[in-house]
>>> print(open('structure.txt').read())   # compact mmCIF, C-alpha atoms
# COMPACT_ATOMS: atom_id res chain seq x y z
CA SER A 65 224.25 56.62 183.93
CA THR A 66 227.24 56.17 181.64
CA PRO A 67 228.14 52.60 180.65
CA SER A 68 231.74 52.72 179.48
CA ASN A 69 234.44 50.30 178.37
CA SER A 70 232.41 47.20 179.11
CA SER A 71 230.83 44.17 177.47
CA ALA A 72 227.07 43.81 177.18
CA ALA A 73 226.90 40.06 176.62
CA SER A 74 227.48 39.23 180.24
CA ASP A 75 224.47 37.41 181.66
CA VAL A 76 223.25 33.94 180.82
CA TYR A 77 220.14 35.29 179.09
CA LYS A 78 222.16 37.71 176.95
CA ARG A 79 219.81 40.66 177.34
CA GLN A 80 220.08 43.91 175.45
CA ILE A 81 220.94 47.35 176.81
CA LEU A 82 217.49 48.86 177.38
CA CYS A 83 216.99 52.65 177.58
CA ARG A 84 213.52 53.85 178.52
CA ASN A 85 211.43 56.38 180.50
CA TYR A 86 213.01 59.45 178.84
CA ALA A 87 216.54 58.45 179.85
CA VAL A 88 219.41 60.25 178.13
CA PRO A 89 222.45 58.06 178.92
CA LEU A 90 225.85 58.13 177.30
CA ILE A 91 226.92 54.67 176.13
CA SER A 92 230.58 54.89 175.22
CA GLY A 93 233.48 52.55 174.49
CA CYS A 94 231.46 49.36 175.01
CA ILE A 95 231.41 46.00 173.27
CA ILE A 96 227.74 45.10 172.77
CA ARG A 97 227.62 41.65 171.24
CA GLU A 98 225.76 38.39 170.76
CA ASN A 99 222.53 39.32 172.48
CA ILE A 100 219.48 37.25 171.56
CA SER A 101 217.53 40.34 170.51
CA HIS A 102 218.79 43.86 169.82
CA GLY A 103 222.10 45.20 171.02
CA VAL A 104 220.66 48.53 172.23
CA ARG A 105 216.91 49.10 172.53
CA CYS A 106 215.48 52.61 173.08
CA ILE A 107 211.85 53.07 174.15
CA SER A 108 210.97 56.71 174.80
CA ALA A 109 214.63 57.45 175.42
CA SER A 110 217.39 59.26 173.54
CA PRO A 111 220.85 57.92 174.39
CA GLU A 112 224.11 58.97 172.84
CA LEU A 113 226.10 56.02 171.49
CA ARG A 114 229.72 56.86 170.89
CA GLY A 115 232.75 54.71 170.13
CA ASN A 116 231.08 51.32 170.60
CA ARG A 117 231.48 48.00 168.82
CA ILE A 118 227.99 46.55 168.32
CA PHE A 119 227.94 43.19 166.57
CA GLY A 120 226.55 39.67 166.38
CA ASN A 121 223.16 40.51 167.91
CA GLY A 122 220.05 38.57 166.90
CA GLY A 123 218.01 41.68 166.13
CA CYS A 124 219.11 45.21 165.35
CA GLY A 125 222.40 46.66 166.47
CA VAL A 126 220.40 49.71 167.61
CA ALA A 127 216.58 49.82 167.65
CA ALA A 128 214.81 53.03 168.69
CA LEU A 129 211.08 53.52 169.24
CA SER A 130 211.06 57.07 170.54
CA LEU A 131 209.82 60.54 169.70
CA VAL A 132 213.23 61.91 170.68
CA ALA A 133 215.88 60.34 168.50
CA PRO A 134 219.26 59.00 169.65
CA ARG A 135 222.68 60.34 168.65
CA ILE A 136 224.83 57.61 167.09
CA VAL A 137 228.42 58.65 166.35
CA ASN A 138 231.75 56.87 165.74
CA ASN A 139 230.57 53.27 166.16
CA TRP A 140 231.30 50.01 164.39
CA ILE A 141 227.92 48.33 163.86
CA PHE A 142 228.29 45.01 162.05
CA ASP A 143 226.97 41.48 161.62
CA ASN A 144 223.61 42.04 163.32
CA THR A 145 220.31 41.31 161.54
CA THR A 146 219.78 45.04 160.88
CA GLY A 147 222.20 47.82 161.71
CA ILE A 148 220.05 50.73 162.96
CA GLN A 149 216.24 50.80 163.02
CA LEU A 150 214.27 53.96 163.89
CA GLU A 151 210.55 54.45 164.58
CA GLN A 152 208.33 57.43 165.42
CA ALA A 153 211.02 60.09 165.81
CA ASN A 154 209.68 63.63 165.49
CA ALA A 155 213.18 64.98 164.89
CA GLY A 156 215.95 63.41 162.87
CA ALA A 157 218.54 61.32 164.69
CA GLU A 158 222.17 62.24 164.16
CA VAL A 159 223.87 59.22 162.60
CA ARG A 160 227.44 60.26 161.79
CA ASN A 161 230.82 58.65 161.23
CA ASN A 162 229.62 55.10 161.73
CA THR A 163 230.84 51.97 159.97
CA ILE A 164 227.71 49.88 159.31
CA VAL A 165 228.44 46.64 157.50
CA GLY A 166 227.54 42.98 157.08
CA HIS A 167 223.79 42.88 157.76
CA ASP A 168 221.32 40.59 156.02
CA GLY A 169 218.71 43.32 156.52
CA ALA A 170 219.17 47.06 156.16
CA GLY A 171 222.13 49.07 157.27
CA ILE A 172 219.80 51.88 158.38
CA LYS A 173 216.03 51.41 158.32
CA VAL A 174 213.30 53.94 159.09
CA ILE A 175 209.88 52.42 159.80
CA SER A 176 208.09 55.69 160.61
CA GLY A 177 208.72 59.25 161.68
CA VAL A 178 211.36 61.75 160.59
CA GLY A 179 214.39 60.24 158.88
CA PRO A 180 217.84 60.58 160.42
CA ALA A 181 220.60 62.98 159.37
CA VAL A 182 223.14 60.47 158.05
CA SER A 183 226.62 61.70 157.13
CA ASN A 184 230.23 60.51 157.00
CA CYS A 185 229.13 56.87 157.29
CA ILE A 186 230.28 53.71 155.53
CA LEU A 187 227.43 51.38 154.54
CA TRP A 188 228.70 48.21 152.90
CA ASP A 189 227.69 44.57 152.43
CA ASN A 190 224.16 45.05 153.75
CA GLY A 191 220.95 43.62 152.33
CA ASP A 192 219.80 47.21 151.75
CA ASP A 193 222.15 49.99 152.80
CA LEU A 194 219.47 52.68 153.27
CA ASP A 195 215.80 51.75 153.72
CA ASN A 196 213.42 54.73 153.65
CA CYS A 197 216.18 57.26 154.37
CA SER A 198 219.10 58.99 152.69
CA ALA A 199 222.68 60.04 153.41
CA VAL A 200 225.30 62.59 152.41
CA TYR A 201 229.09 62.36 152.30
CA SER A 202 228.96 58.62 152.87
CA CYS A 203 230.47 55.54 151.24
CA ILE A 204 227.53 53.41 150.09
CA GLU A 205 227.86 50.14 148.19
CA GLU A 206 224.50 50.65 146.51
CA GLN A 207 224.15 53.62 144.19
CA ASP A 208 222.20 55.83 146.62
CA GLU A 209 222.43 59.42 145.50
CA GLY A 210 223.32 62.27 147.82
CA GLU A 211 225.76 65.13 148.06
CA GLY A 212 229.30 63.88 148.49
CA ASN A 213 228.40 60.17 148.39
CA ILE A 214 230.91 57.72 146.93
CA HIS A 215 230.55 54.06 145.97
CA GLU A 216 234.11 52.72 146.00
CA GLU A 217 235.33 49.74 148.04
CA PRO A 218 236.24 51.24 151.45
CA LEU A 219 239.41 49.14 151.87
CA PHE A 220 239.10 47.92 155.45
CA VAL A 221 242.14 46.48 157.21
CA ASP A 222 240.50 43.04 157.65
CA ALA A 223 236.72 42.90 157.35
CA SER A 224 236.68 39.09 157.67
CA ALA A 225 238.10 39.45 161.19
CA GLY A 226 235.79 42.32 162.17
CA ASN A 227 238.63 44.85 161.94
CA TYR A 228 237.33 47.98 160.22
CA PRO A 229 239.99 50.72 160.23
CA LEU A 230 240.74 52.12 156.79
CA ARG A 231 243.84 51.22 154.82
CA ALA A 232 245.99 53.82 153.15
CA GLY A 233 244.59 54.56 149.69
CA SER A 234 240.94 54.25 150.74
CA ALA A 235 238.62 56.66 148.94
CA CYS A 236 236.97 57.29 152.34
CA VAL A 237 240.03 59.15 153.66
CA ASP A 238 239.44 62.92 153.90
CA ALA A 239 236.12 62.46 152.05
CA GLY A 240 233.68 63.35 154.85
CA ALA A 241 231.53 66.47 154.98
CA PRO A 242 233.65 69.61 154.75
CA GLY A 243 233.24 72.40 157.23
CA GLY A 244 232.02 70.25 160.10
CA SER A 245 233.13 70.93 163.66
CA TYR A 246 235.14 68.03 165.09
CA GLU A 247 237.03 69.89 167.79
CA GLY A 248 237.65 67.65 170.79
CA GLU A 249 236.21 64.61 169.02
CA PHE A 250 237.93 61.23 168.76
CA ASP A 251 237.37 58.23 166.55
CA ILE A 252 236.61 54.72 167.79
CA SER A 253 240.31 54.06 168.47
CA GLY A 254 240.93 57.28 170.37
CA ASN A 255 242.59 59.16 167.50
CA ALA A 256 241.72 62.80 167.04
CA ARG A 257 239.22 63.49 164.31
CA ARG A 258 240.37 65.25 161.16
CA LEU A 259 243.97 64.12 161.13
CA GLY A 260 244.36 64.93 157.44
CA ALA A 261 243.01 67.50 155.02
CA GLY A 262 239.44 66.48 155.87
CA VAL A 263 237.50 64.15 158.11
CA ASP A 264 237.37 60.48 157.07
CA MET A 265 234.18 58.54 156.45
CA GLY A 266 233.39 55.77 158.93
CA ALA A 267 234.24 55.35 162.60
CA SER A 268 238.02 55.17 162.13
CA GLU A 269 240.30 58.04 161.17
CA LEU A 270 243.32 56.86 159.18
CA HIS A 271 246.36 57.29 161.40
CA LEU A 272 249.77 57.13 159.77
CA VAL A 273 253.00 57.25 161.75
CA ARG A 274 255.96 58.84 159.98
CA VAL A 275 259.13 56.78 160.21
CA ASP A 276 262.47 58.37 159.33
CA GLY A 277 264.57 55.46 158.13
CA ARG A 278 268.10 55.56 156.79
CA VAL A 279 267.71 55.07 153.07
CA GLU A 280 271.07 54.63 151.34
CA ASP A 281 269.72 55.31 147.86
CA PRO A 282 266.99 57.97 147.62
CA ASN A 283 265.85 56.50 144.30
CA VAL A 284 264.96 53.04 145.63
CA ASP A 285 261.40 51.78 145.80
CA ASN A 286 260.22 51.96 149.41
CA THR A 287 258.82 48.45 149.48
CA GLY A 288 259.80 47.70 153.07
CA ASP A 289 261.40 44.39 152.12
CA ALA A 290 264.79 45.49 153.49
CA TRP A 291 266.18 48.26 155.69
CA GLU A 292 267.54 50.13 152.68
CA ASN A 293 264.01 50.07 151.20
CA ALA A 294 262.29 51.31 154.34
CA VAL A 295 258.79 52.68 153.94
CA GLY A 296 258.15 56.20 155.03
CA ASP A 297 254.68 55.71 156.51
CA LEU A 298 253.33 52.98 158.75
CA GLN A 299 249.66 52.52 159.44
CA ARG A 300 248.72 52.21 163.06
>>> encode(input="structure.txt", output="structure tokens")
Amino acid sequence: STPSNSSAASDVYKRQILCRNYAVPLISGCIIRENISHGVRCISASPELRGNRIFGNGGCGVAALSLVAPRIVNNWIFDNTTGIQLEQANAGAEVRNNTIVGHDGAGIKVISGVGPAVSNCILWDNGDDLDNCSAVYSCIEEQDEGEGNIHEEPLFVDASAGNYPLRAGSACVDAGAPGGSYEGEFDISGNARRLGAGVDMGASELHLVRVDGRVEDPNVDNTGDAWENAVGDLQR
């Protein structure tokens, strides 16, 4: 089955999405929030989670106990107890282009098994960004080493309101792994991946709209405080 564009905090008991018995569902475009336990629980199953907002759950955003690992791409995972927790995988999960922030526990935690392939992620404001695993080409608040990793403030639009697109000037823009194939892929907001010179870190690709305004003096500062000072780029 393919849950899509829905909320997973619907019943009075606030149960999690449970994948089991070797299921391989696609879970896409959902809001998975405020469940008593985990947001998504995988037991001997390997779902693909893509473009979801997973937040406010009492356990992990995603918890997997499975030999076959899930694929977790282009999600906002925030304000759970732990972001992603993996156990017993005999092959590394793909964890790519996720924004994983605001957990008292780990952003990504591996209890046992093969560690995930983590890339192009933002891990910020977690108790421990990476527990028993590593990442490449990711923005990590802690000083975890890895090829292409950076440690600068990601500059979210409004983290306090759970709004995690990147602002212009973020070091995460165009800083993802070079050479990756993103053809036909979209970010969490439906924007095409790799809009600029490179792919952005996190679940949101910076999308600027060019505005051709009538500027009377080409030497003015484009502050946007008046029509004659119109800015050239607006962030969507």
>>> residues_around(input="structure.txt", residues="stretch 146-163 of chain A", least_positions_apart="3", cutoff="8 Å", atoms="only C-alpha atoms", output="NGL selection string")
:A and (123-143 or 167-187 or 228 or 264-267)
>>> write_last_selection(input="structure.txt", atoms="C-alpha atoms", output="short mmCIF file (atom, residue, chain, number, x, y, z; two decimals), in the frame of the given file")
data_model
loop_
_atom_site.label_atom_id
_atom_site.label_comp_id
_atom_site.auth_asym_id
_atom_site.auth_seq_id
_atom_site.Cartn_x
_atom_site.Cartn_y
_atom_site.Cartn_z
CA GLY A 123 218.01 41.68 166.13
CA CYS A 124 219.11 45.21 165.35
CA GLY A 125 222.40 46.66 166.47
CA VAL A 126 220.40 49.71 167.61
CA ALA A 127 216.58 49.82 167.65
CA ALA A 128 214.81 53.03 168.69
CA LEU A 129 211.08 53.52 169.24
CA SER A 130 211.06 57.07 170.54
CA LEU A 131 209.82 60.54 169.70
CA VAL A 132 213.23 61.91 170.68
CA ALA A 133 215.88 60.34 168.50
CA PRO A 134 219.26 59.00 169.65
CA ARG A 135 222.68 60.34 168.65
CA ILE A 136 224.83 57.61 167.09
CA VAL A 137 228.42 58.65 166.35
CA ASN A 138 231.75 56.87 165.74
CA ASN A 139 230.57 53.27 166.16
CA TRP A 140 231.30 50.01 164.39
CA ILE A 141 227.92 48.33 163.86
CA PHE A 142 228.29 45.01 162.05
CA ASP A 143 226.97 41.48 161.62
CA HIS A 167 223.79 42.88 157.76
CA ASP A 168 221.32 40.59 156.02
CA GLY A 169 218.71 43.32 156.52
CA ALA A 170 219.17 47.06 156.16
CA GLY A 171 222.13 49.07 157.27
CA ILE A 172 219.80 51.88 158.38
CA LYS A 173 216.03 51.41 158.32
CA VAL A 174 213.30 53.94 159.09
CA ILE A 175 209.88 52.42 159.80
CA SER A 176 208.09 55.69 160.61
CA GLY A 177 208.72 59.25 161.68
CA VAL A 178 211.36 61.75 160.59
CA GLY A 179 214.39 60.24 158.88
CA PRO A 180 217.84 60.58 160.42
CA ALA A 181 220.60 62.98 159.37
CA VAL A 182 223.14 60.47 158.05
CA SER A 183 226.62 61.70 157.13
CA ASN A 184 230.23 60.51 157.00
CA CYS A 185 229.13 56.87 157.29
CA ILE A 186 230.28 53.71 155.53
CA LEU A 187 227.43 51.38 154.54
CA TYR A 228 237.33 47.98 160.22
CA ASP A 264 237.37 60.48 157.07
CA MET A 265 234.18 58.54 156.45
CA GLY A 266 233.39 55.77 158.93
CA ALA A 267 234.24 55.35 162.60
#
>>> atom_distance(input="structure.txt", atom1="atom CA of A:Val88", atom2="atom CA of A:Val165")
26.3 Å
>>> closest_residue(input="structure.txt", among="A:Val200, A:Ile95, A:Leu230, A:Ala225", to="A:Phe119", atoms="all atoms listed in the file")
A:Ile95
>>> closest_residue(input="structure.txt", among="A:Ser110, A:Asn99, A:Ser92, A:Ser224", to="A:Gly254", atoms="all atoms listed in the file")
A:Ser92
>>> atom_distance(input="structure.txt", atom1="atom CA of A:Gly120", atom2="atom CA of A:Pro229")
18.5 Å
>>> closest_residue(input="structure.txt", among="A:Gly226, A:Pro242, A:Pro111, A:Gly248", to="A:Asn85", atoms="all atoms listed in the file")
A:Pro111
>>> atom_distance(input="structure.txt", atom1="atom CA of A:Gly166", atom2="atom CA of A:Gly122")
13.1 Å
>>> residues_around(input="structure.txt", residues="A:Arg257", least_positions_apart="6", cutoff="10 Å", atoms="all atoms listed in the file", output="ChimeraX atom specification")
/A:245-251,263-264,267-271
>>> closest_residue(input="structure.txt", among="A:Arg84, A:His215, A:Arg231, A:Arg97", to="A:Leu272", atoms="all atoms listed in the file")
A:Arg231
